[in-house]
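Have a look at structure_13.cif below; it lists mmCIF, C-alpha atoms.
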```cif
data_upload
#
loop_
_atom_site.label_atom_id
_atom_site.label_comp_id
_atom_site.auth_asym_id
_atom_site.auth_seq_id
_atom_site.Cartn_x
_atom_site.Cartn_y
_atom_site.Cartn_z
CA MET V 278 29.45 -18.38 -56.62
CA ILE V 279 26.07 -20.06 -57.22
CA PHE V 280 24.97 -17.24 -59.51
CA ARG V 281 28.29 -17.30 -61.36
CA ARG V 282 27.84 -21.00 -62.07
CA PHE V 283 24.22 -20.27 -63.00
CA ARG V 284 25.34 -17.77 -65.70
CA GLU V 285 27.98 -20.14 -67.01
CA ASN V 286 25.49 -22.99 -67.32
CA ILE V 287 23.09 -20.73 -69.24
CA LYS V 288 25.87 -19.83 -71.66
CA ARG V 289 26.62 -23.51 -72.16
CA GLN V 290 22.87 -24.17 -72.38
CA ASP V 291 23.29 -26.82 -69.71
CA TRP V 292 19.63 -26.68 -68.70
CA PHE V 293 19.83 -29.58 -66.28
CA SER V 294 22.49 -27.80 -64.28
CA VAL V 295 20.50 -24.56 -64.51
CA TRP V 296 17.49 -26.24 -62.90
CA ILE V 297 19.70 -27.77 -60.25
CA GLU V 298 21.05 -24.33 -59.39
CA ILE V 299 17.53 -22.85 -59.28
CA LEU V 300 16.36 -25.61 -57.00
CA ALA V 301 19.41 -25.09 -54.79
CA VAL V 302 18.62 -21.37 -54.47
CA ILE V 303 14.94 -22.06 -53.71
CA PHE V 304 15.87 -24.70 -51.16
CA GLY V 305 18.37 -22.36 -49.53
CA VAL V 306 15.78 -19.57 -49.27
CA PHE V 307 13.26 -22.07 -47.85
CA LEU V 308 15.72 -23.22 -45.20
CA ALA V 309 16.53 -19.63 -44.28
CA LEU V 310 12.83 -18.79 -43.89
CA GLN V 311 12.22 -21.91 -41.85
CA ALA V 312 15.16 -21.11 -39.60
CA ASP V 313 13.89 -17.56 -39.17
CA ASN V 314 10.35 -18.80 -38.35
CA TRP V 315 11.72 -21.36 -35.91
CA ASN V 316 13.79 -18.70 -34.17
CA LYS V 317 10.78 -16.38 -33.95
CA ARG V 318 8.65 -19.17 -32.46
CA ARG V 319 11.43 -19.98 -30.01
CA LEU V 320 11.69 -16.35 -28.89
CA GLU V 321 7.89 -16.05 -28.64
CA GLY V 322 7.83 -19.23 -26.57
CA LEU V 323 10.45 -17.84 -24.21
CA GLU V 324 8.54 -14.56 -23.96
CA GLU V 325 5.30 -16.41 -23.22
CA LEU V 326 7.01 -18.52 -20.57
CA ASP V 327 8.39 -15.37 -18.95
CA TYR V 328 4.94 -13.77 -18.88
CA LEU V 329 3.34 -16.92 -17.49
CA ASN V 330 5.90 -17.09 -14.71
CA ARG V 331 5.52 -13.40 -13.84
CA LEU V 332 1.74 -13.71 -13.84
CA TYR V 333 1.95 -16.74 -11.57
CA VAL V 334 4.11 -14.80 -9.10
CA ASP V 335 1.75 -11.80 -9.20
CA ILE V 336 -1.43 -13.83 -8.80
CA THR V 337 -0.13 -16.09 -6.02
CA THR V 338 1.18 -13.02 -4.18
CA SER V 339 -2.22 -11.36 -4.59
CA ALA V 340 -3.98 -14.47 -3.26
CA GLU V 341 -1.76 -14.57 -0.18
CA THR V 342 -2.33 -10.86 0.42
CA ALA V 343 -6.09 -11.38 0.05
CA LYS V 344 -5.99 -14.04 2.76
CA LEU V 345 -4.25 -11.60 5.10
CA ALA V 346 -6.83 -8.89 4.31
CA ILE V 347 -9.68 -11.30 5.02
CA GLU V 348 -8.09 -12.33 8.31
CA TYR V 349 -7.61 -8.68 9.25
CA MET V 350 -11.24 -7.79 8.45
CA ASN V 351 -12.51 -10.81 10.38
CA ILE V 352 -10.63 -9.50 13.41
CA HIS V 353 -12.38 -6.13 12.90
CA ALA V 354 -15.77 -7.85 12.83
CA ARG V 355 -14.99 -9.92 15.93
CA ARG V 356 -13.88 -6.83 17.84
CA ALA V 357 -17.03 -4.98 16.82
CA ASN V 358 -18.98 -7.92 18.26
CA VAL V 359 -17.10 -7.52 21.54
CA VAL V 360 -17.99 -3.82 21.62
CA LEU V 361 -21.67 -4.50 20.94
CA GLN V 362 -21.87 -7.21 23.60
CA SER V 363 -20.10 -4.99 26.13
CA LEU V 364 -22.53 -2.16 25.40
CA LYS V 365 -25.47 -4.51 25.90
CA GLU V 366 -24.15 -5.62 29.28
CA CYS V 367 -22.77 -2.16 30.04
CA ARG V 368 -19.59 -3.73 31.35
CA ILE V 369 -16.21 -4.61 29.88
CA SER V 370 -14.50 -7.73 31.14
CA GLN V 371 -10.79 -7.71 31.78
CA GLU V 372 -10.06 -10.03 28.86
CA ASP V 373 -12.16 -7.92 26.46
CA ARG V 374 -10.57 -4.56 27.18
CA LEU V 375 -8.04 -4.62 24.36
CA ASP V 376 -10.61 -5.83 21.84
CA PHE V 377 -13.09 -3.18 23.00
CA ALA V 378 -10.58 -0.35 22.59
CA ASN V 379 -9.43 -1.52 19.18
CA GLY V 380 -12.96 -2.35 18.07
CA LEU V 381 -13.70 1.35 18.39
CA TYR V 382 -10.33 2.53 17.12
CA GLN V 383 -10.44 0.34 13.98
CA LEU V 384 -14.16 0.73 13.33
CA GLY V 385 -14.94 1.25 9.64
CA ASN V 386 -11.45 0.43 8.41
CA ILE V 387 -11.82 -1.13 4.98
CA VAL V 388 -8.90 -3.25 3.78
CA PRO V 389 -9.67 -4.67 0.33
CA PRO V 390 -7.38 -7.34 -1.12
CA TYR V 391 -4.41 -5.99 -3.03
CA LEU V 392 -4.02 -7.03 -6.68
CA ALA V 393 -0.50 -7.16 -8.12
CA ASP V 394 -1.58 -6.33 -11.67
CA GLY V 395 1.64 -4.92 -13.15
CA THR V 396 2.18 -7.82 -15.56
CA ILE V 397 -1.49 -7.92 -16.59
CA ARG V 398 -1.48 -4.21 -17.38
CA GLU V 399 1.80 -4.56 -19.27
CA LEU V 400 0.22 -7.23 -21.47
CA HIS V 401 -2.77 -5.00 -22.20
CA SER V 402 -0.82 -1.78 -22.73
CA THR V 403 1.65 -3.42 -25.14
CA GLY V 404 -1.03 -5.43 -26.97
CA LYS V 405 0.73 -8.69 -26.16
CA GLU V 406 -2.24 -10.56 -24.68
CA PHE V 407 -2.13 -13.06 -27.53
CA VAL V 408 1.44 -14.02 -26.65
CA LEU V 409 -0.40 -16.25 -24.17
CA GLN V 410 -1.55 -19.21 -26.25
CA ASN V 411 -3.92 -20.54 -23.60
CA SER V 412 -7.26 -18.83 -24.36
CA GLU V 413 -8.71 -19.93 -20.99
CA ILE V 414 -5.97 -18.06 -19.11
CA ARG V 415 -6.53 -14.96 -21.27
CA THR V 416 -10.24 -15.09 -20.48
CA GLN V 417 -9.59 -15.51 -16.75
CA LEU V 418 -7.22 -12.53 -16.77
CA ASN V 419 -9.82 -10.33 -18.48
CA ASN V 420 -12.50 -11.49 -16.05
CA LEU V 421 -10.22 -10.76 -13.10
CA LEU V 422 -9.66 -7.16 -14.22
CA ALA V 423 -13.38 -6.64 -14.86
CA GLN V 424 -14.35 -8.07 -11.48
CA ARG V 425 -11.59 -6.16 -9.75
CA GLN V 426 -12.96 -2.91 -11.15
CA TYR V 427 -16.41 -3.77 -9.84
CA TYR V 428 -15.11 -4.85 -6.43
CA SER V 429 -13.04 -1.68 -6.08
CA SER V 430 -16.11 0.47 -6.65
CA PHE V 431 -17.99 -1.60 -4.09
CA PHE V 432 -15.29 -1.16 -1.45
CA ASP V 433 -15.42 2.60 -2.05
CA ILE V 434 -19.20 2.52 -1.53
CA VAL V 435 -18.84 0.58 1.73
CA ALA V 436 -16.20 2.98 3.01
CA GLY V 437 -18.35 5.99 2.15
CA ARG V 438 -21.43 4.43 3.72
CA VAL V 439 -19.76 3.72 7.06
CA GLU V 440 -17.83 6.99 7.32
CA PRO V 441 -20.60 9.02 9.08
CA HIS V 442 -20.90 6.26 11.70
CA VAL V 443 -17.15 6.28 12.30
CA VAL V 444 -17.23 10.06 12.71
CA TYR V 445 -19.97 9.75 15.31
CA VAL V 446 -18.14 7.03 17.27
CA HIS V 447 -14.95 9.05 17.33
CA SER V 448 -16.88 12.09 18.53
CA LYS V 449 -17.77 10.08 21.65
CA VAL V 450 -14.43 8.34 22.19
CA ARG V 451 -10.99 9.93 22.34
CA PHE V 452 -7.75 8.07 21.73
CA LEU V 453 -4.73 9.42 23.52
CA ILE V 454 -1.87 8.37 21.26
CA ASP V 455 1.72 8.99 22.21
CA GLU V 456 4.15 10.16 19.57
CA SER V 457 5.92 6.80 19.77
CA ASP V 458 2.60 5.04 18.96
CA ALA V 459 1.71 7.22 15.98
CA GLY V 460 0.98 5.20 12.85
CA LYS V 461 0.33 1.95 14.70
CA GLN V 462 -2.71 -0.09 13.70
CA GLU V 463 -3.65 -0.92 17.28
CA VAL V 464 -3.96 1.00 20.52
CA SER V 465 -3.67 0.03 24.16
CA TRP V 466 -6.62 -0.10 26.52
CA GLU V 467 -5.23 2.91 28.36
CA ALA V 468 -5.30 4.98 25.17
CA ALA V 469 -9.13 4.89 24.92
CA ASP V 470 -10.94 7.63 26.81
CA PHE V 471 -14.76 7.35 27.11
CA ASP V 472 -17.70 7.28 29.49
CA LEU V 473 -19.06 3.72 29.34
CA GLN V 474 -22.36 4.57 31.07
CA GLU V 475 -23.05 7.31 28.56
CA LEU V 476 -22.19 5.03 25.64
CA CYS V 477 -24.50 2.30 26.91
CA ARG V 478 -27.46 4.73 26.90
CA ASP V 479 -26.65 6.04 23.41
CA THR V 480 -28.66 4.02 20.88
CA ARG V 481 -27.11 5.96 18.02
CA PHE V 482 -23.66 4.94 19.18
CA TYR V 483 -24.74 1.28 19.28
CA SER V 484 -26.14 1.57 15.74
CA ALA V 485 -22.91 3.18 14.53
CA VAL V 486 -20.82 0.30 15.87
CA SER V 487 -23.26 -2.15 14.33
CA ALA V 488 -22.86 -0.42 10.95
CA GLY V 489 -19.09 -0.72 11.27
CA ARG V 490 -19.44 -4.43 11.91
CA VAL V 491 -21.60 -4.83 8.80
CA SER V 492 -18.95 -3.08 6.69
CA SER V 493 -16.36 -5.55 7.96
CA TYR V 494 -18.51 -8.54 7.07
CA ASP V 495 -19.31 -7.05 3.64
CA THR V 496 -15.62 -6.57 2.96
CA VAL V 497 -14.86 -10.15 3.99
CA PHE V 498 -17.63 -11.46 1.72
CA TRP V 499 -16.39 -9.66 -1.39
CA SER V 500 -12.75 -10.32 -0.57
CA GLU V 501 -13.45 -14.05 -0.38
CA ARG V 502 -15.07 -13.91 -3.81
CA GLU V 503 -11.99 -12.23 -5.26
CA LEU V 504 -9.75 -14.74 -3.50
CA SER V 505 -11.65 -17.56 -5.19
CA VAL V 506 -10.99 -16.00 -8.61
CA LEU V 507 -7.31 -15.49 -7.79
CA GLU V 508 -6.84 -19.08 -6.62
CA GLU V 509 -8.52 -20.47 -9.73
CA LEU V 510 -6.27 -18.40 -11.98
CA SER V 511 -3.19 -19.32 -9.96
CA LYS V 512 -4.03 -23.00 -10.40
CA ALA V 513 -4.46 -22.57 -14.18
CA LEU V 514 -1.12 -20.75 -14.47
CA ARG V 515 0.66 -23.37 -12.39
CA THR V 516 -0.75 -26.19 -14.54
CA GLU V 517 0.32 -24.40 -17.73
CA LEU V 518 3.85 -23.83 -16.45
CA GLU V 519 4.22 -27.42 -15.26
CA ASP V 520 2.94 -28.74 -18.60
CA ARG V 521 5.71 -26.75 -20.26
CA GLY V 522 8.30 -28.29 -17.96
CA TYR V 523 8.89 -25.17 -15.88
CA ASP V 524 10.36 -25.92 -12.46
CA LEU V 525 8.16 -24.45 -9.73
CA SER V 526 9.71 -26.44 -6.91
CA GLN V 527 11.60 -23.39 -5.66
CA ARG V 528 8.38 -21.37 -5.20
#
```
If you convert what's in this file into structure tokens, what do you get?
Amino acid sequence: MIFRRFRENIKRQDWFSVWIEILAVIFGVFLALQADNWNKRRLEGLEELDYLNRLYVDITTSAETAKLAIEYMNIHARRANVVLQSLKECRISQEDRLDFANGLYQLGNIVPPYLADGTIRELHSTGKEFVLQNSEIRTQLNNLLAQRQYYSSFFDIVAGRVEPHVVYVHSKVRFLIDESDAGKQEVSWEAADFDLQELCRDTRFYSAVSAGRVSSYDTVFWSERELSVLEELSKALRTELEDRGYDLSQR
């Protein structure tokens, strides 16, 4: 209808009306473009908010898992200490029996912190990193992946380094595991079969246990460093979500 009036005004040489119609068309196109841009920004904002929330869930979950891994490895180290002290004294007290058995059974177990990186990898694989407007968060995410790659290689090195010592320890100690106990992370005192007097005289055995303890402490050290990175990123994500009015009270 606008264009029909436009043609009629040209025929009548009503130039004022012609310009009014042109301006009306231009204004209409401008409004349409603005509405389209606003809708795109709205959708991008919702997408960014969704990614921020998912990242926050992943990172906080990873931080909590890292704490559990650190606690678990500290128990390994403490039990290795019990084994070493018992070997020095060549006696195992009643209260140390369970720790002694599991110190040997769990020796060399490396439990690195787990990283829930599904959302991070999705951002990278789809090229949507820049959906996140906060450049500091983008930088922290990239640093986390780079450090994680380094830490993972380190954990592999530690596991490989301690493996010969674990093999030697388990050549001197047998664990009689019932079918019902298969797959359990701990064993009972009765499950460990060894000659304590022989172990006390074996300096190589003592060194092997000591190496296992070192691997536990090394794992704790690097896990705590990764936990620090995770907690810093979690704090940044939480602040960003709260600044955008996102309700985190249910988390």
Residues matched by the PyMOL selection byres ((chain V and resi 326) around 10) as a PyMOL selection string: chain V and resi 320-325+327-332+408-409+517-518+521+523
For stretch 421-434 of chain V: contacts at 9 Å, only C-alpha atoms, fewer than 5 positions along chain excluded, given as a list in words: Ile387, Val388, Pro389, Leu392, Asp394, Ile397, Thr416, Val439, Asp495, Thr496, Trp499, Ser500, Glu503, Val506, Leu507 and Leu510 of chain V
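When the distance limit is 10 Å and only C-alpha atoms are what count, the residues near V:Ser511, minus those fewer than 2 positions from it on the same chain, are Leu332, Tyr333, Val334, Asp335, Ile336, Thr337, Thr338, Ser339, Ala340, Ile414, Ser505, Val506, Leu507, Glu508, Glu509, Ala513, Leu514, Arg515, Thr516 and Glu517 of chain V.
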Just C-alpha atoms for this one: save the residues we selected as a tab-separated table (two decimals), keeping the file's coordinate frame.
```tsv
chain	number	residue	atom	x	y	z
V	332	LEU	CA	1.74	-13.71	-13.84
V	333	TYR	CA	1.95	-16.74	-11.57
V	334	VAL	CA	4.11	-14.80	-9.10
V	335	ASP	CA	1.75	-11.80	-9.20
V	336	ILE	CA	-1.43	-13.83	-8.80
V	337	THR	CA	-0.13	-16.09	-6.02
V	338	THR	CA	1.18	-13.02	-4.18
V	339	SER	CA	-2.22	-11.36	-4.59
V	340	ALA	CA	-3.98	-14.47	-3.26
V	414	ILE	CA	-5.97	-18.06	-19.11
V	505	SER	CA	-11.65	-17.56	-5.19
V	506	VAL	CA	-10.99	-16.00	-8.61
V	507	LEU	CA	-7.31	-15.49	-7.79
V	508	GLU	CA	-6.84	-19.08	-6.62
V	509	GLU	CA	-8.52	-20.47	-9.73
V	513	ALA	CA	-4.46	-22.57	-14.18
V	514	LEU	CA	-1.12	-20.75	-14.47
V	515	ARG	CA	0.66	-23.37	-12.39
V	516	THR	CA	-0.75	-26.19	-14.54
V	517	GLU	CA	0.32	-24.40	-17.73
```
Distance of atom CA of V:Leu453 from atom CA of V:Leu345, expressed in Å to one decimal place: 28.0 Å
Matched chain/residue IDs from the PyMOL selection byres ((chain V and resi 477) around 7), as a count of residues only: 9
Gap from atom CA of V:Gly385 to atom CA of V:Val443 - Å, one decimal: 6.1 Å
V:His353, V:Arg415, V:His442, V:Arg490 ranked by distance to V:Ala378, top pick (using all atoms listed in the file): V:His353
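Note on the selection: in this file the PyMOL selection byres ((chain V and resi 465) around 12) comes out as Asp373, Arg374, Leu375, Asp376, Phe377, Ala378, Asn379, Gly380, Leu381, Tyr382, Phe452, Leu453, Ile454, Asp455, Asp458, Lys461, Gln462, Glu463, Val464, Trp466, Glu467, Ala468, Ala469 and Asp470 of chain V.
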Å distance separating atom CA of V:His447 from atom CA of V:Ile347, one decimal place: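 It comes out at 24.4 Å.
Distances from V:Leu384, V:Glu341, V:Ser484, V:Asn411 to V:Ala354 were compared using all atoms listed in the file, and the smallest one belongs to V:Leu384.
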Closest of V:Phe498, V:Gly522, V:Ser487, V:Thr480 to V:Asn358 - atom-to-atom distances counting only C-alpha atoms: V:Ser487
Nearest-residue call for V:Val446, choices V:Glu348, V:Glu519, V:Val360, V:Ile369, using all atoms listed in the file: V:Val360
Among the residues V:Ala343, V:Val435, V:Ser448, V:Phe407, the one that comes closest to V:Tyr494 [using all atoms listed in the file]: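 Checking each of V:Ala343, V:Val435, V:Ser448, V:Phe407 against V:Tyr494, counting all atoms listed in the file, the winner is V:Val435.
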For stretch 474-501 of chain V, which lacks atoms in the input, supply N, CA and C atoms and format the output as a PDB file, in the coordinates of the input.
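Dumped to out22.pdb:
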```pdb
ATOM      1  N   GLN V 474     -20.942   4.438  30.742  1.00  0.00           N
ATOM      2  CA  GLN V 474     -22.360   4.570  31.070  1.00  0.00           C
ATOM      3  C   GLN V 474     -23.092   5.420  30.034  1.00  0.00           C
ATOM      4  N   GLU V 475     -22.443   6.449  29.588  1.00  0.00           N
ATOM      5  CA  GLU V 475     -23.050   7.310  28.560  1.00  0.00           C
ATOM      6  C   GLU V 475     -23.196   6.547  27.248  1.00  0.00           C
ATOM      7  N   LEU V 476     -22.144   5.792  26.879  1.00  0.00           N
ATOM      8  CA  LEU V 476     -22.190   5.030  25.640  1.00  0.00           C
ATOM      9  C   LEU V 476     -23.284   3.971  25.666  1.00  0.00           C
ATOM     10  N   CYS V 477     -23.477   3.348  26.798  1.00  0.00           N
ATOM     11  CA  CYS V 477     -24.500   2.300  26.910  1.00  0.00           C
ATOM     12  C   CYS V 477     -25.905   2.851  26.690  1.00  0.00           C
ATOM     13  N   ARG V 478     -26.134   4.114  27.055  1.00  0.00           N
ATOM     14  CA  ARG V 478     -27.460   4.730  26.900  1.00  0.00           C
ATOM     15  C   ARG V 478     -27.669   5.305  25.502  1.00  0.00           C
ATOM     16  N   ASP V 479     -26.593   5.373  24.718  1.00  0.00           N
ATOM     17  CA  ASP V 479     -26.650   6.040  23.410  1.00  0.00           C
ATOM     18  C   ASP V 479     -26.977   5.023  22.314  1.00  0.00           C
ATOM     19  N   THR V 480     -28.245   4.994  21.909  1.00  0.00           N
ATOM     20  CA  THR V 480     -28.660   4.020  20.880  1.00  0.00           C
ATOM     21  C   THR V 480     -28.016   4.336  19.526  1.00  0.00           C
ATOM     22  N   ARG V 481     -27.768   5.589  19.280  1.00  0.00           N
ATOM     23  CA  ARG V 481     -27.110   5.960  18.020  1.00  0.00           C
ATOM     24  C   ARG V 481     -25.685   5.416  17.983  1.00  0.00           C
ATOM     25  N   PHE V 482     -25.025   5.466  19.105  1.00  0.00           N
ATOM     26  CA  PHE V 482     -23.660   4.940  19.180  1.00  0.00           C
ATOM     27  C   PHE V 482     -23.671   3.436  18.905  1.00  0.00           C
ATOM     28  N   TYR V 483     -24.623   2.737  19.496  1.00  0.00           N
ATOM     29  CA  TYR V 483     -24.740   1.280  19.280  1.00  0.00           C
ATOM     30  C   TYR V 483     -24.973   0.992  17.796  1.00  0.00           C
ATOM     31  N   SER V 484     -25.843   1.762  17.164  1.00  0.00           N
ATOM     32  CA  SER V 484     -26.140   1.570  15.740  1.00  0.00           C
ATOM     33  C   SER V 484     -24.908   1.852  14.879  1.00  0.00           C
ATOM     34  N   ALA V 485     -24.117   2.835  15.283  1.00  0.00           N
ATOM     35  CA  ALA V 485     -22.910   3.180  14.530  1.00  0.00           C
ATOM     36  C   ALA V 485     -21.899   2.043  14.579  1.00  0.00           C
ATOM     37  N   VAL V 486     -21.726   1.444  15.747  1.00  0.00           N
ATOM     38  CA  VAL V 486     -20.820   0.300  15.870  1.00  0.00           C
ATOM     39  C   VAL V 486     -21.339  -0.873  15.047  1.00  0.00           C
ATOM     40  N   SER V 487     -22.649  -1.073  15.099  1.00  0.00           N
ATOM     41  CA  SER V 487     -23.260  -2.150  14.330  1.00  0.00           C
ATOM     42  C   SER V 487     -23.028  -1.956  12.835  1.00  0.00           C
ATOM     43  N   ALA V 488     -23.118  -0.715  12.360  1.00  0.00           N
ATOM     44  CA  ALA V 488     -22.860  -0.420  10.950  1.00  0.00           C
ATOM     45  C   ALA V 488     -21.408  -0.718  10.582  1.00  0.00           C
ATOM     46  N   GLY V 489     -20.502  -0.413  11.508  1.00  0.00           N
ATOM     47  CA  GLY V 489     -19.090  -0.720  11.270  1.00  0.00           C
ATOM     48  C   GLY V 489     -18.859  -2.213  11.161  1.00  0.00           C
ATOM     49  N   ARG V 490     -19.559  -2.980  11.986  1.00  0.00           N
ATOM     50  CA  ARG V 490     -19.440  -4.430  11.910  1.00  0.00           C
ATOM     51  C   ARG V 490     -19.941  -4.956  10.567  1.00  0.00           C
ATOM     52  N   VAL V 491     -21.048  -4.416  10.099  1.00  0.00           N
ATOM     53  CA  VAL V 491     -21.600  -4.830   8.800  1.00  0.00           C
ATOM     54  C   VAL V 491     -20.589  -4.558   7.673  1.00  0.00           C
ATOM     55  N   SER V 492     -19.941  -3.411   7.738  1.00  0.00           N
ATOM     56  CA  SER V 492     -18.950  -3.080   6.690  1.00  0.00           C
ATOM     57  C   SER V 492     -17.803  -4.075   6.696  1.00  0.00           C
ATOM     58  N   SER V 493     -17.430  -4.556   7.873  1.00  0.00           N
ATOM     59  CA  SER V 493     -16.360  -5.550   7.960  1.00  0.00           C
ATOM     60  C   SER V 493     -16.787  -6.864   7.322  1.00  0.00           C
ATOM     61  N   TYR V 494     -18.008  -7.292   7.640  1.00  0.00           N
ATOM     62  CA  TYR V 494     -18.510  -8.540   7.070  1.00  0.00           C
ATOM     63  C   TYR V 494     -18.697  -8.423   5.548  1.00  0.00           C
ATOM     64  N   ASP V 495     -19.166  -7.259   5.089  1.00  0.00           N
ATOM     65  CA  ASP V 495     -19.310  -7.050   3.640  1.00  0.00           C
ATOM     66  C   ASP V 495     -17.963  -7.145   2.943  1.00  0.00           C
ATOM     67  N   THR V 496     -16.960  -6.537   3.556  1.00  0.00           N
ATOM     68  CA  THR V 496     -15.620  -6.570   2.960  1.00  0.00           C
ATOM     69  C   THR V 496     -15.076  -7.988   2.918  1.00  0.00           C
ATOM     70  N   VAL V 497     -15.303  -8.746   3.975  1.00  0.00           N
ATOM     71  CA  VAL V 497     -14.860 -10.150   3.990  1.00  0.00           C
ATOM     72  C   VAL V 497     -15.554 -10.935   2.888  1.00  0.00           C
ATOM     73  N   PHE V 498     -16.862 -10.729   2.730  1.00  0.00           N
ATOM     74  CA  PHE V 498     -17.630 -11.460   1.720  1.00  0.00           C
ATOM     75  C   PHE V 498     -17.069 -11.234   0.317  1.00  0.00           C
ATOM     76  N   TRP V 499     -16.881  -9.957  -0.044  1.00  0.00           N
ATOM     77  CA  TRP V 499     -16.390  -9.660  -1.390  1.00  0.00           C
ATOM     78  C   TRP V 499     -14.919 -10.016  -1.556  1.00  0.00           C
ATOM     79  N   SER V 500     -14.162  -9.917  -0.503  1.00  0.00           N
ATOM     80  CA  SER V 500     -12.750 -10.320  -0.570  1.00  0.00           C
ATOM     81  C   SER V 500     -12.616 -11.819  -0.797  1.00  0.00           C
ATOM     82  N   GLU V 501     -13.484 -12.596  -0.189  1.00  0.00           N
ATOM     83  CA  GLU V 501     -13.450 -14.050  -0.380  1.00  0.00           C
ATOM     84  C   GLU V 501     -13.821 -14.418  -1.812  1.00  0.00           C
TER      85      GLU V 501
END
```
